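Beneath this line is the structure, given in structure tokens, with notes to follow.
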Amino acid sequence: MTPFDFFVLSGLLFTVGLFGVIVRRNVISLFFSLELLLNSANVLLVGFSKLHGNLFGEVFVFFVLAVAAAEAAVGLAIVVALYRYRKSVNTEDFSLLRW
Amino acid sequence: MGLNLKLLFPEFFVLASAIVGILIDLFLPKRVKNGFFATFSVFILFVSVFLVIFSSPFVPETAFNSFVKKDLLTGLSQVLILFSSLIAVFVSYGFLKKFDTDYIGEFYYTLLFAVFGAMLMVSANELATLFVSLEVMSISVYILSALFKKDYRGKEVALKYFIMGSVGAAVVVYGFALLYGLSGSTVYEEVGRAISTLSFPVLLSLALVISGFLFKLGAVPFHGWTPDVYHGAPTPVTLFMGAVVKIAAFVALLKLFYPVFLPLVSEWGEVFAVIGVVSAFAGALMALRQENVKRMLAYSAISHTGVVLAALVSLPAVAIFSVLFYLFAYAFMTVAAFGFISLLTGKGFSGENISDWRNLYSRSPFLALSLVVIFMSLAGIPPLFGFWAKFYILVALVKAGKVGVAVAILVASAISLYFYLRPVVYAFMKEGEAVLPPVEPFEFGAVVVTVFFLIVFGLFPELISQVSLFALSSFLRGMI
């Protein structure tokens with residue numbers, strides 16, 4: 001594996017995630033895409049860690065994972081709170097504030 | 001090198017008190033919570049100010065094997081963060097009396113967690129530390145905006161801010177991963193050693209990190225969330241976002257970009273100048289037709305962010321100085337403006353619209369006069385604090401030979417004068433009846449103190465410029 005291979009794999013994951021964030025209207029799918037975005041960075045970090053032979057990257061991955069978990073917990077709590085008002089998890093229904 | 005734990009004592013103090021807050025919250029009855037936790041947070045923040053002042057070293061010191069580095073730039077921005085949070089607590093105390101929530105204890109200790117994140121963010125000297133502290137701060141702010149009862153707006157903006165903030169964080173992390181790949185380390189100095197020319201991977205990581213920071217700062221082209229979030233979040237939370245999150249993000253940006261991307265300073269300076277000028281204009285133009293004052297101030301925040309970003313194109317030392325000075329002024333003005341709005345907000349969010357401020361002068365001359373001070377300072381009218389901030393940035397730009405950028409910012413400020421004058425016109429000249437809820441003494445006190453500072457620092461700007469110069473020299477010492 002060369003650094004370029006890691007980069008291609010993580011770049012693909014990142015693109016898929018970004019595409020999902022832009023296109024998806026369901027909040028749960030949006031969360032999937034956000035996780036994909038963060039995990040694409042993880043792939044890159046682990047790959048480079050192997051390449052450089054030090055552990056900075058792998059430790060970074062643990063932090064990113066922990067943060068991603070905390071983010072998902074808070075995000076889902078917000079979605080549950082919103083679902084009580086609108087009976088929907090579609091982003092188009094959350095549009096009280098605009099312009 | 002080494003752990004050097006005592007350097008991080010102020011941060012640990014805030015973190016430990018937030019955790020103690022969680023425990024106390026379990027045992028208190030609801031009716032005493034607001035008073036108790038407000039006193040508790042004020043005490044903690046006040047003590048932390050002194051801890052920061054006495055523990056900030058002039059010669060930069062590192063801790064945790066140089067994962068954290070502290071100098072006077074860090075100390076100064078931490079004092080600013082703590083001061084803004086102190087005002088946020090005072091304003092929250094009044095706001096929580098007017099608006100009901102089941103989560104009073106949670107509100108205050110989440111605020112303390114956010115303060116901890118911001119304090120750590122300005123002292124970070126390593127990519128993972130920066131990322132984690134950034135997220136501690138952001139996640140706390142998402143929670144804070146969603147805590148109020150029967151407040152649909154707050155929850156909607158929490159989701160919007162959450163999605164935009166997470167995308168920003170993910171983009172930043174991807175950029176950091178590339179930087180790690182280029183250098184094999186995550187400590188700023190060592191990353192900086194690996195970056196010298198503008199190759200494709202460097203360009204990509206630079207673009208990603210810049211985009212991530214622009215997400216957090218709310219500058220064009222990633223400013224979409226700012227108006228909604230500023231408008232919909234509870235006013236003390238908006239105050240916190242406007243002041244603390246901006247300060248932390250800007251100082252972290254300075255501390256990241258100058259050591260790491262120093263050889264490319266002219267390239268990214270140009271990028272920030274373009275983004276800054278576009279943001280300054282976009283914010284000013286879109287604020288013109290807003291009826292809600294919070295939304296108007298959100299667009300004005302975009303405009304101010306643009307001005308600060310544009311300053312980064314001038315010579316590094318002068319840029320850091322003028323950015324610091326501007327952040328000082330901006331924090332005081334934001335805190336004063338949102339404190340003022342919170343003071344006037346009554347049941348059902350009345351008092352947030354400009355039309356609710358009709359003839360405020362006849363109801364309360366003092367409040368109307370402080371309104372003039374706050375909004376004229378935001379507009380940058382001499383002799384108020386906001387004027388000097390803009391003045392230093394313009395001087396810095398002209399000295400660096402970027403007269404075009406300076407003129408563009410001047411024009412944007414002239415446009416913004418129109419919407420800053422509108423509330424003043426409504427308060428003094430329009431017929432009608434201002435909606436004025438019963439004045440909460442603590443909110444009132446917070447507004448009076450910040451307005452006082454806006455006038456004093458406007459008359460004696462050298463107080464702040466001296467302090468900023470000290471911070472700058474301390475920071476530069478760490479770069480050599």
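The chains in the structure tokens are called A, B, ... from first to last as shown; in each chain the residues are counted from 1, and the ligands are counted from 1 in the order shown.
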Can you list, as a ChimeraX atom specification, every protein, DNA or RNA residue that comes within 7 Å of region 21-33 of chain A when you count only C-alpha atoms, leaving out same-chain residues fewer than 3 positions away? /A:17-18,36-37,89-92
Within 12 Å of Gln466 (chain B), counting only C-alpha atoms, which residues qualify if same-chain residues fewer than 5 places away don't, as a ChimeraX atom specification? /B:76,321-322,324-325,457,460-461,471-473
Store the residues of this selection in a file with N, CA, C and O atoms, as an mmCIF file, in the first residue's frame.
data_model
loop_
_atom_site.group_PDB
_atom_site.id
_atom_site.type_symbol
_atom_site.label_atom_id
_atom_site.label_comp_id
_atom_site.auth_asym_id
_atom_site.auth_seq_id
_atom_site.Cartn_x
_atom_site.Cartn_y
_atom_site.Cartn_z
ATOM 1 N N LEU B 76 -4.389 36.245 27.473
ATOM 2 C CA LEU B 76 -5.272 37.375 27.183
ATOM 3 C C LEU B 76 -6.607 36.897 26.621
ATOM 4 O O LEU B 76 -7.680 37.336 27.052
ATOM 5 N N PHE B 321 -1.603 41.671 15.955
ATOM 6 C CA PHE B 321 -1.959 42.758 16.868
ATOM 7 C C PHE B 321 -3.349 43.309 16.563
ATOM 8 O O PHE B 321 -4.199 43.424 17.447
ATOM 9 N N SER B 322 -3.609 43.627 15.291
ATOM 10 C CA SER B 322 -4.889 44.271 14.987
ATOM 11 C C SER B 322 -6.054 43.289 15.163
ATOM 12 O O SER B 322 -7.137 43.679 15.590
ATOM 13 N N LEU B 324 -6.163 40.876 17.392
ATOM 14 C CA LEU B 324 -6.396 40.779 18.842
ATOM 15 C C LEU B 324 -7.201 41.967 19.348
ATOM 16 O O LEU B 324 -8.166 41.811 20.098
ATOM 17 N N PHE B 325 -6.785 43.153 18.906
ATOM 18 C CA PHE B 325 -7.482 44.358 19.334
ATOM 19 C C PHE B 325 -8.935 44.313 18.884
ATOM 20 O O PHE B 325 -9.860 44.609 19.644
ATOM 21 N N PHE B 457 -12.774 52.280 27.076
ATOM 22 C CA PHE B 457 -11.750 51.811 26.138
ATOM 23 C C PHE B 457 -11.771 52.634 24.862
ATOM 24 O O PHE B 457 -10.768 52.710 24.145
ATOM 25 N N PHE B 460 -9.686 55.615 25.994
ATOM 26 C CA PHE B 460 -8.291 55.265 26.273
ATOM 27 C C PHE B 460 -7.917 53.960 25.576
ATOM 28 O O PHE B 460 -7.695 52.942 26.234
ATOM 29 N N PRO B 461 -7.851 53.948 24.245
ATOM 30 C CA PRO B 461 -7.570 52.690 23.540
ATOM 31 C C PRO B 461 -6.186 52.150 23.838
ATOM 32 O O PRO B 461 -5.924 50.969 23.660
ATOM 33 N N ALA B 471 0.898 40.685 24.459
ATOM 34 C CA ALA B 471 0.485 39.347 24.019
ATOM 35 C C ALA B 471 1.182 38.986 22.724
ATOM 36 O O ALA B 471 1.669 37.867 22.550
ATOM 37 N N LEU B 472 1.251 39.974 21.813
ATOM 38 C CA LEU B 472 1.886 39.733 20.515
ATOM 39 C C LEU B 472 3.356 39.377 20.693
ATOM 40 O O LEU B 472 3.841 38.401 20.107
ATOM 41 N N SER B 473 4.073 40.162 21.541
ATOM 42 C CA SER B 473 5.511 39.901 21.671
ATOM 43 C C SER B 473 5.741 38.536 22.311
ATOM 44 O O SER B 473 6.663 37.819 21.931
#
Out of B:Leu469, B:Leu254, B:Val136, B:Met121, which residue has the shortest atom-to-atom distance to chain A when counting only C-alpha atoms?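 Closest to chain A of all the choices is B:Val136.
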Define the interface residues of chain B facing chain A as those within 6 Å, counting only C-alpha atoms, and report them as a PDB file with N, CA and C atoms, in the first residue's frame.
ATOM      1  N   ALA B 128      -4.709  17.155  17.438  1.00  0.00           N
ATOM      2  CA  ALA B 128      -5.772  16.399  18.098  1.00  0.00           C
ATOM      3  C   ALA B 128      -6.352  17.187  19.273  1.00  0.00           C
ATOM      4  N   ALA B 170     -15.585  17.743  10.542  1.00  0.00           N
ATOM      5  CA  ALA B 170     -15.103  16.630   9.738  1.00  0.00           C
ATOM      6  C   ALA B 170     -14.118  17.123   8.681  1.00  0.00           C
ATOM      7  N   TYR B 174     -10.151  16.037   8.347  1.00  0.00           N
ATOM      8  CA  TYR B 174      -9.557  15.493   7.129  1.00  0.00           C
ATOM      9  C   TYR B 174      -8.294  16.285   6.758  1.00  0.00           C
ATOM     10  N   ALA B 177      -5.590  15.221   9.071  1.00  0.00           N
ATOM     11  CA  ALA B 177      -5.056  13.909   8.706  1.00  0.00           C
ATOM     12  C   ALA B 177      -4.028  14.061   7.590  1.00  0.00           C
ATOM     13  N   GLY B 181      -0.069  13.179   7.591  1.00  0.00           N
ATOM     14  CA  GLY B 181       0.572  12.370   6.569  1.00  0.00           C
ATOM     15  C   GLY B 181       1.798  13.041   5.984  1.00  0.00           C
ATOM     16  N   GLY B 184       4.264  13.469   9.627  1.00  0.00           N
ATOM     17  CA  GLY B 184       4.534  12.395  10.571  1.00  0.00           C
ATOM     18  C   GLY B 184       4.435  12.823  12.011  1.00  0.00           C
ATOM     19  N   ASP B 228     -29.753  32.032  11.033  1.00  0.00           N
ATOM     20  CA  ASP B 228     -30.747  31.177  11.676  1.00  0.00           C
ATOM     21  C   ASP B 228     -30.367  30.887  13.110  1.00  0.00           C
TER      22      ASP B 228
END
Got a sec: who's within 8 Å of Val373 (chain B), counting only C-alpha atoms, leaving out chain neighbours fewer than 3 positions off, as a VMD selection string? chain B and resid 369 to 370 376 to 377 384 451 454 to 455
Okay, now the selection with all heavy atoms, as a short mmCIF file (atom, residue, chain, number, x, y, z; two decimals), in the first residue's frame?
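What landed in part25.cif:
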data_model
loop_
_atom_site.label_atom_id
_atom_site.label_comp_id
_atom_site.auth_asym_id
_atom_site.auth_seq_id
_atom_site.Cartn_x
_atom_site.Cartn_y
_atom_site.Cartn_z
N LEU B 369 -29.98 55.48 25.66
CA LEU B 369 -28.63 56.01 25.47
C LEU B 369 -27.60 54.89 25.37
O LEU B 369 -26.68 54.95 24.55
CB LEU B 369 -28.27 56.96 26.62
CG LEU B 369 -28.99 58.30 26.55
CD1 LEU B 369 -28.70 59.12 27.78
CD2 LEU B 369 -28.60 59.06 25.29
N SER B 370 -27.79 53.82 26.19
CA SER B 370 -26.84 52.71 26.05
C SER B 370 -27.01 52.03 24.70
O SER B 370 -26.04 51.55 24.13
CB SER B 370 -26.95 51.71 27.20
OG SER B 370 -28.27 51.50 27.56
N MET B 376 -23.52 52.39 17.93
CA MET B 376 -22.54 53.25 17.28
C MET B 376 -21.14 52.65 17.41
O MET B 376 -20.30 52.82 16.53
CB MET B 376 -22.58 54.66 17.90
CG MET B 376 -23.81 55.44 17.52
SD MET B 376 -24.10 55.54 15.74
CE MET B 376 -25.26 54.25 15.45
N SER B 377 -20.91 51.93 18.51
CA SER B 377 -19.62 51.25 18.64
C SER B 377 -19.49 50.15 17.60
O SER B 377 -18.45 49.99 16.96
CB SER B 377 -19.49 50.69 20.05
OG SER B 377 -18.25 50.09 20.21
N LEU B 384 -15.80 55.72 20.15
CA LEU B 384 -16.11 54.48 20.86
C LEU B 384 -15.11 53.38 20.50
O LEU B 384 -14.32 53.52 19.56
CB LEU B 384 -17.54 54.05 20.55
CG LEU B 384 -18.55 55.07 21.09
CD1 LEU B 384 -19.90 54.87 20.46
CD2 LEU B 384 -18.65 54.97 22.59
N VAL B 451 -21.28 48.58 28.63
CA VAL B 451 -21.38 49.88 27.97
C VAL B 451 -20.33 50.84 28.53
O VAL B 451 -19.66 51.57 27.79
CB VAL B 451 -22.81 50.46 28.14
CG1 VAL B 451 -22.84 51.92 27.77
CG2 VAL B 451 -23.78 49.68 27.28
N LEU B 454 -17.12 50.02 26.95
CA LEU B 454 -17.06 50.48 25.55
C LEU B 454 -16.66 51.95 25.51
O LEU B 454 -15.88 52.35 24.64
CB LEU B 454 -18.42 50.29 24.87
CG LEU B 454 -18.81 48.89 24.46
CD1 LEU B 454 -20.16 48.90 23.79
CD2 LEU B 454 -17.78 48.33 23.50
N ILE B 455 -17.17 52.75 26.44
CA ILE B 455 -16.83 54.18 26.44
C ILE B 455 -15.41 54.39 26.93
O ILE B 455 -14.61 55.11 26.32
CB ILE B 455 -17.82 54.97 27.32
CG1 ILE B 455 -19.23 54.84 26.73
CG2 ILE B 455 -17.43 56.43 27.40
CD1 ILE B 455 -20.31 55.39 27.60
#
Of the residues B:Arg422, B:Phe391, B:Thr305, B:Lys160, which is the one nearest to Asn292 (chain B), using only C-alpha atoms?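 That would be B:Arg422, the residue with the smallest distance to Asn292 (chain B).
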Residues at most 9 Å from Phe95 (chain B), counting only C-alpha atoms, excluding those fewer than 5 positions away in the same chain, as an MDAnalysis selection string? chainID B and resid 90 100 234:236 342:343 345 440 443
Residues of the last selection are to be written out with C-alpha atoms, as a compact mmCIF listing (two decimals), in the first residue's frame.
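Contents of part16.txt, as written:
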# COMPACT_ATOMS: atom_id res chain seq x y z
CA PHE B 90 -25.43 37.27 34.46
CA ASP B 100 -38.97 28.28 31.82
CA PRO B 234 -31.87 31.68 23.38
CA THR B 235 -30.30 35.14 23.69
CA PRO B 236 -27.67 34.30 26.38
CA SER B 342 -32.03 39.87 26.39
CA LEU B 343 -32.93 42.70 28.74
CA THR B 345 -37.01 40.36 25.62
CA GLU B 440 -33.90 42.24 35.69
CA GLU B 443 -28.99 41.73 33.15
